[in-house]
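Report on one structure; see the data block that follows.
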Amino acid sequence: MAHELDFSTGQAGFAYASGSDKPWHGLGQTVDPSADTQTWRKAAGLDWQALRAPVSYQNEVTQRPQTFAEKHVLYRSDTGLPLSVVSADYRTVQPADILGFFGELAQSGGFQIETVGSLKEGRRIWALARVGENARILDDEVAPFLLLATSFDGSMATLAKFTTVRVVCNNTLQASLKNDAGQTQVTISHQAIFDPASVRADLGIALNSWEGFKMQAGLMATRKINDTEVDNWLLELFEPFMPYGQDYSPEQVRKSKGYQRITELFNGEQLGSGQDAIDGTLWGLLHATTQYLDHEKGRIQDNRLNAAWFGPGAKMKEHAYALAEKALA
């Protein structure tokens, strides 16, 4: 099986808090949740730096090596593996910066590192920290988290965002927690300097929106929906994600694997089915969607992780949550 998880050091580049459920393939190393950030870095295989050097090539005209100073290659300090070729002004955010950010938050109280890892031989790294206490949504339960991630190949800016995880199945919601300015995430370009103090301020680290989210979720959990509403919701959910330049009839969408599987999950096959908050409700439809995107869409589990947090899955979940909010209006 081809893994997106980083195995370039001989072990999975992934660490998770001891006492929590084994994620994904059961790979990775367990870490005491109270351990310092250096322990987390080492366990996750992130005790390295992204080094850089000007791109060089063999000039066939002069028959001598020549440097192209406008482009740099980024490479790992431990394995020497190349990460990418970037412009000379590309600013890197080191693994130590990511873990240091959470280390400072943990010292201030209320934050606890949950998982740390890397994908694609270290080209993309992340850390996820639990924020505060879980929330009860009728007989369901969700937990708040803060995700911080960056890339070394230009595929993604450095980002920090709040998300929530449904405890019974580890489904992640998107765009559920916003700061005071209405932002769902803070994005830092690789042409800008990563300033932890500024990121904390932009996030509105006090989680002022958490109470508002719990209220919205409670309303979704009591909002019963009929078959016609489910059909219209799913048609609107999939419409923006159809292949560009092609027209799809509603019937073609209804025959798609995603539409049919989400319908099956909503009708009783999702984890936690039988809960009052889930059965026949808008909250249940939302989480049937997130369960499909997080755990079933795509052939390989760690490809799903990448898509669910950073790629198409993340965008689709953001759209799904917006549709759920719209249904409450």
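Quick note on naming: the chains in the structure tokens go A, B, ... in the order shown, residues restart at 1 in each chain, and ligands are numbered from 1 in order of appearance.
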Distance query Ala324 in chain A at most 12 Å, only C-alpha atoms, self and fewer than 5 positions along chain excluded, as JSON, numbers by chain:
{"A": [173, 174, 175, 176, 216, 217, 219, 220, 221, 223, 225, 229, 230, 232, 233, 234, 236, 237, 281, 282, 283, 284, 285, 286, 287, 289, 317, 318, 319, 329]}
Output file for the residues above (N, CA and C atoms, as a JSON list (two decimals), in the first residue's frame):
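Below is the file result35.json, written as the result:
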```
[["chain", "number", "residue", "atom", "x", "y", "z"],
["A", 173, "LEU", "N", -15.46, 18.57, 11.34],
["A", 173, "LEU", "CA", -16.24, 19.60, 10.68],
["A", 173, "LEU", "C", -15.29, 20.68, 10.16],
["A", 174, "GLN", "N", -15.75, 21.44, 9.19],
["A", 174, "GLN", "CA", -14.96, 22.50, 8.62],
["A", 174, "GLN", "C", -15.71, 23.82, 8.76],
["A", 175, "ALA", "N", -14.97, 24.88, 9.03],
["A", 175, "ALA", "CA", -15.56, 26.22, 9.10],
["A", 175, "ALA", "C", -16.59, 26.33, 10.21],
["A", 176, "SER", "N", -16.37, 25.59, 11.28],
["A", 176, "SER", "CA", -17.35, 25.62, 12.36],
["A", 176, "SER", "C", -17.05, 26.65, 13.43],
["A", 216, "GLN", "N", -25.66, 26.57, 17.55],
["A", 216, "GLN", "CA", -26.02, 26.17, 16.19],
["A", 216, "GLN", "C", -26.14, 24.66, 16.08],
["A", 217, "ALA", "N", -25.17, 23.94, 16.67],
["A", 217, "ALA", "CA", -25.20, 22.49, 16.60],
["A", 217, "ALA", "C", -26.44, 21.93, 17.29],
["A", 219, "LEU", "N", -29.34, 23.34, 17.52],
["A", 219, "LEU", "CA", -30.47, 23.56, 16.64],
["A", 219, "LEU", "C", -30.49, 22.55, 15.50],
["A", 220, "MET", "N", -29.30, 22.23, 14.95],
["A", 220, "MET", "CA", -29.23, 21.23, 13.89],
["A", 220, "MET", "C", -29.68, 19.86, 14.39],
["A", 221, "ALA", "N", -29.36, 19.55, 15.66],
["A", 221, "ALA", "CA", -29.70, 18.25, 16.22],
["A", 221, "ALA", "C", -31.18, 18.09, 16.50],
["A", 223, "ARG", "N", -33.45, 19.71, 14.41],
["A", 223, "ARG", "CA", -34.10, 20.04, 13.13],
["A", 223, "ARG", "C", -34.31, 18.76, 12.32],
["A", 225, "ILE", "N", -35.55, 16.52, 9.20],
["A", 225, "ILE", "CA", -35.62, 16.79, 7.76],
["A", 225, "ILE", "C", -36.23, 15.59, 7.06],
["A", 229, "GLU", "N", -36.06, 17.17, 1.47],
["A", 229, "GLU", "CA", -35.03, 18.10, 1.94],
["A", 229, "GLU", "C", -33.64, 17.48, 1.84],
["A", 230, "VAL", "N", -33.53, 16.18, 2.17],
["A", 230, "VAL", "CA", -32.25, 15.50, 2.06],
["A", 230, "VAL", "C", -31.79, 15.49, 0.60],
["A", 232, "ASN", "N", -32.62, 17.55, -1.91],
["A", 232, "ASN", "CA", -32.24, 18.90, -2.34],
["A", 232, "ASN", "C", -30.89, 19.32, -1.75],
["A", 233, "TRP", "N", -30.68, 18.96, -0.47],
["A", 233, "TRP", "CA", -29.44, 19.31, 0.21],
["A", 233, "TRP", "C", -28.24, 18.65, -0.46],
["A", 234, "LEU", "N", -28.39, 17.36, -0.79],
["A", 234, "LEU", "CA", -27.28, 16.63, -1.40],
["A", 234, "LEU", "C", -27.01, 17.10, -2.82],
["A", 236, "GLU", "N", -27.42, 20.11, -3.89],
["A", 236, "GLU", "CA", -26.71, 21.38, -3.73],
["A", 236, "GLU", "C", -25.29, 21.16, -3.20],
["A", 237, "LEU", "N", -25.11, 20.13, -2.39],
["A", 237, "LEU", "CA", -23.78, 19.81, -1.86],
["A", 237, "LEU", "C", -22.82, 19.43, -2.98],
["A", 281, "THR", "N", -32.08, 13.92, 11.47],
["A", 281, "THR", "CA", -31.86, 15.35, 11.73],
["A", 281, "THR", "C", -30.84, 15.95, 10.77],
["A", 282, "LEU", "N", -30.82, 17.26, 10.74],
["A", 282, "LEU", "CA", -29.82, 18.00, 9.95],
["A", 282, "LEU", "C", -28.41, 17.69, 10.46],
["A", 283, "TRP", "N", -28.26, 17.58, 11.78],
["A", 283, "TRP", "CA", -26.97, 17.22, 12.37],
["A", 283, "TRP", "C", -26.54, 15.83, 11.88],
["A", 284, "GLY", "N", -27.46, 14.91, 11.78],
["A", 284, "GLY", "CA", -27.16, 13.58, 11.28],
["A", 284, "GLY", "C", -26.75, 13.59, 9.82],
["A", 285, "LEU", "N", -27.40, 14.41, 9.01],
["A", 285, "LEU", "CA", -27.04, 14.51, 7.59],
["A", 285, "LEU", "C", -25.65, 15.12, 7.43],
["A", 286, "LEU", "N", -25.37, 16.14, 8.22],
["A", 286, "LEU", "CA", -24.05, 16.77, 8.16],
["A", 286, "LEU", "C", -22.96, 15.76, 8.49],
["A", 287, "HIS", "N", -23.19, 14.94, 9.51],
["A", 287, "HIS", "CA", -22.16, 14.00, 9.91],
["A", 287, "HIS", "C", -22.13, 12.74, 9.05],
["A", 289, "THR", "N", -22.27, 13.09, 5.92],
["A", 289, "THR", "CA", -21.39, 13.66, 4.89],
["A", 289, "THR", "C", -19.94, 13.63, 5.36],
["A", 317, "LYS", "N", -16.47, 19.91, 2.99],
["A", 317, "LYS", "CA", -17.04, 19.99, 4.34],
["A", 317, "LYS", "C", -17.38, 21.44, 4.70],
["A", 318, "GLU", "N", -16.57, 22.37, 4.26],
["A", 318, "GLU", "CA", -16.89, 23.77, 4.50],
["A", 318, "GLU", "C", -18.21, 24.14, 3.82],
["A", 319, "HIS", "N", -18.37, 23.65, 2.59],
["A", 319, "HIS", "CA", -19.62, 23.88, 1.85],
["A", 319, "HIS", "C", -20.80, 23.21, 2.57],
["A", 329, "ALA", "N", -31.79, 28.78, 8.65],
["A", 329, "ALA", "CA", -32.26, 30.17, 8.49],
["A", 329, "ALA", "C", -33.76, 30.23, 8.25]]
```
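Omitting Ala12 in chain A and its sequence neighbours fewer than 3 positions away, and counting only C-alpha atoms, the residues within 7 Å are Leu5, Asp6, Phe7, Leu27 and Gly28 of chain A.
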Could you work out how far CA of Ala69 in chain A lies from CA of Ala149 in chain A, giving the answer in Å with one decimal?
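Straight-line distance from CA of Ala149 in chain A to CA of Ala69 in chain A works out to 28.1 Å.
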Spatial neighbours of range 187-198 of chain A, 6 Å, only C-alpha atoms, chain gap at least 6 places, as a ChimeraX atom specification:
/A:90-91,157-159
Gap from CA of Tyr259 in chain A to CA of Asp231 in chain A - Å, one decimal
8.8 Å
List the spatial neighbours of Tyr292 in chain A as JSON, numbers by chain - criterion: any atom at most 9 Å away, only C-alpha atoms, same-chain residues fewer than 2 positions off excluded.
{"A": [171, 258, 261, 262, 265, 270, 287, 288, 289, 290, 294, 295, 296, 297]}
I'd like the contact shell of range 41-53 of chain A - 7 Å cut-off, only C-alpha atoms, skipping same-chain residues fewer than 5 positions apart - returned as JSON, numbers by chain.
{"A": [13, 14, 15, 29, 72, 73, 74, 75, 76, 77, 78, 94, 95, 116, 117]}
Restricted to N, CA and C atoms, what would the selected residues look like written as a PDB file, in the first residue's frame?
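The file below, again.pdb, is the result:
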```
ATOM      1  N   GLY A  13       6.013   8.767  10.206  1.00  0.00           N
ATOM      2  CA  GLY A  13       6.199  10.114  10.732  1.00  0.00           C
ATOM      3  C   GLY A  13       4.915  10.616  11.363  1.00  0.00           C
ATOM      4  N   PHE A  14       4.556  10.005  12.486  1.00  0.00           N
ATOM      5  CA  PHE A  14       3.266  10.301  13.086  1.00  0.00           C
ATOM      6  C   PHE A  14       3.315   9.947  14.560  1.00  0.00           C
ATOM      7  N   ALA A  15       2.819  10.817  15.425  1.00  0.00           N
ATOM      8  CA  ALA A  15       2.756  10.561  16.862  1.00  0.00           C
ATOM      9  C   ALA A  15       1.402  11.013  17.373  1.00  0.00           C
ATOM     10  N   GLN A  29       3.713   6.521  16.787  1.00  0.00           N
ATOM     11  CA  GLN A  29       4.231   6.352  18.131  1.00  0.00           C
ATOM     12  C   GLN A  29       3.334   7.087  19.128  1.00  0.00           C
ATOM     13  N   HIS A  72      16.119  28.077  -5.109  1.00  0.00           N
ATOM     14  CA  HIS A  72      16.755  27.286  -4.059  1.00  0.00           C
ATOM     15  C   HIS A  72      16.086  25.920  -3.956  1.00  0.00           C
ATOM     16  N   VAL A  73      16.861  24.931  -3.584  1.00  0.00           N
ATOM     17  CA  VAL A  73      16.299  23.634  -3.258  1.00  0.00           C
ATOM     18  C   VAL A  73      16.209  23.535  -1.741  1.00  0.00           C
ATOM     19  N   LEU A  74      15.029  23.105  -1.238  1.00  0.00           N
ATOM     20  CA  LEU A  74      14.867  22.822   0.179  1.00  0.00           C
ATOM     21  C   LEU A  74      15.107  21.329   0.389  1.00  0.00           C
ATOM     22  N   TYR A  75      15.846  20.990   1.451  1.00  0.00           N
ATOM     23  CA  TYR A  75      16.105  19.583   1.723  1.00  0.00           C
ATOM     24  C   TYR A  75      16.169  19.359   3.226  1.00  0.00           C
ATOM     25  N   ARG A  76      15.957  18.105   3.624  1.00  0.00           N
ATOM     26  CA  ARG A  76      15.897  17.756   5.034  1.00  0.00           C
ATOM     27  C   ARG A  76      17.299  17.620   5.627  1.00  0.00           C
ATOM     28  N   SER A  77      17.428  18.101   6.868  1.00  0.00           N
ATOM     29  CA  SER A  77      18.728  18.034   7.535  1.00  0.00           C
ATOM     30  C   SER A  77      19.058  16.635   8.047  1.00  0.00           C
ATOM     31  N   ASP A  78      18.043  15.743   8.144  1.00  0.00           N
ATOM     32  CA  ASP A  78      18.320  14.400   8.664  1.00  0.00           C
ATOM     33  C   ASP A  78      18.611  13.393   7.560  1.00  0.00           C
ATOM     34  N   GLN A  94       9.713  26.139  10.192  1.00  0.00           N
ATOM     35  CA  GLN A  94      10.351  24.893  10.563  1.00  0.00           C
ATOM     36  C   GLN A  94       9.439  24.027  11.443  1.00  0.00           C
ATOM     37  N   PRO A  95       9.679  22.697  11.461  1.00  0.00           N
ATOM     38  CA  PRO A  95       8.928  21.840  12.387  1.00  0.00           C
ATOM     39  C   PRO A  95       8.985  22.341  13.828  1.00  0.00           C
ATOM     40  N   VAL A 116       0.703  14.751  15.898  1.00  0.00           N
ATOM     41  CA  VAL A 116       1.736  15.477  15.158  1.00  0.00           C
ATOM     42  C   VAL A 116       2.201  14.554  14.047  1.00  0.00           C
ATOM     43  N   GLY A 117       2.392  15.075  12.839  1.00  0.00           N
ATOM     44  CA  GLY A 117       2.846  14.187  11.783  1.00  0.00           C
ATOM     45  C   GLY A 117       3.257  14.890  10.517  1.00  0.00           C
TER      46      GLY A 117
END
```
Spatial neighbours of Leu148 in chain A, 6 Å, only C-alpha atoms, chain gap at least 3 places, as a CSV table (one decimal) with N, CA and C atoms, in the first residue's frame:
```
chain,number,residue,atom,x,y,z
A,126,TRP,N,2.0,18.8,10.2
A,126,TRP,CA,0.9,19.4,10.9
A,126,TRP,C,1.0,19.0,12.4
A,127,ALA,N,0.3,19.8,13.2
A,127,ALA,CA,0.1,19.4,14.6
A,127,ALA,C,-1.4,19.8,15.0
A,159,LEU,N,-1.1,27.5,7.7
A,159,LEU,CA,-2.4,27.8,8.2
A,159,LEU,C,-2.7,27.4,9.6
A,160,ALA,N,-3.6,28.1,10.2
A,160,ALA,CA,-4.0,27.8,11.6
A,160,ALA,C,-5.5,27.9,11.6
```
Rounded to one decimal, what separation in Å do you get between CA of Glu133 in chain A and CA of Leu328 in chain A?
25.5 Å
When you look at Thr164 in chain A with a cut-off of 6 Å (counting only C-alpha atoms), what residues show up, excluding the ones that are within fewer than 4 positions of it in the same chain? I need them as a list in words.
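Answer for this query is Ala143, Pro144, Phe145, Thr172 and Leu173 of chain A.
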For the residues in that selection, give me N, CA and C atoms as an mmCIF file, in the first residue's frame.
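So the final result, stored in again_16.cif, reads:
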```cif
data_model
loop_
_atom_site.group_PDB
_atom_site.id
_atom_site.type_symbol
_atom_site.label_atom_id
_atom_site.label_comp_id
_atom_site.auth_asym_id
_atom_site.auth_seq_id
_atom_site.Cartn_x
_atom_site.Cartn_y
_atom_site.Cartn_z
ATOM 1 N N ALA A 143 -15.677 17.663 20.184
ATOM 2 C CA ALA A 143 -14.515 18.220 20.865
ATOM 3 C C ALA A 143 -13.876 19.297 19.986
ATOM 4 N N PRO A 144 -13.428 20.409 20.574
ATOM 5 C CA PRO A 144 -12.792 21.470 19.799
ATOM 6 C C PRO A 144 -11.292 21.251 19.659
ATOM 7 N N PHE A 145 -10.753 21.555 18.479
ATOM 8 C CA PHE A 145 -9.326 21.387 18.211
ATOM 9 C C PHE A 145 -8.787 22.594 17.450
ATOM 10 N N THR A 172 -14.439 15.202 11.231
ATOM 11 C CA THR A 172 -14.073 16.598 11.442
ATOM 12 C C THR A 172 -15.024 17.515 10.675
ATOM 13 N N LEU A 173 -15.459 18.567 11.340
ATOM 14 C CA LEU A 173 -16.237 19.605 10.680
ATOM 15 C C LEU A 173 -15.294 20.682 10.163
#
```
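Residue nearest Val165 in chain A, chosen from A:Glu141, A:Glu4, A:Ser118, A:Gly132 and counting only C-alpha atoms: A:Glu141.
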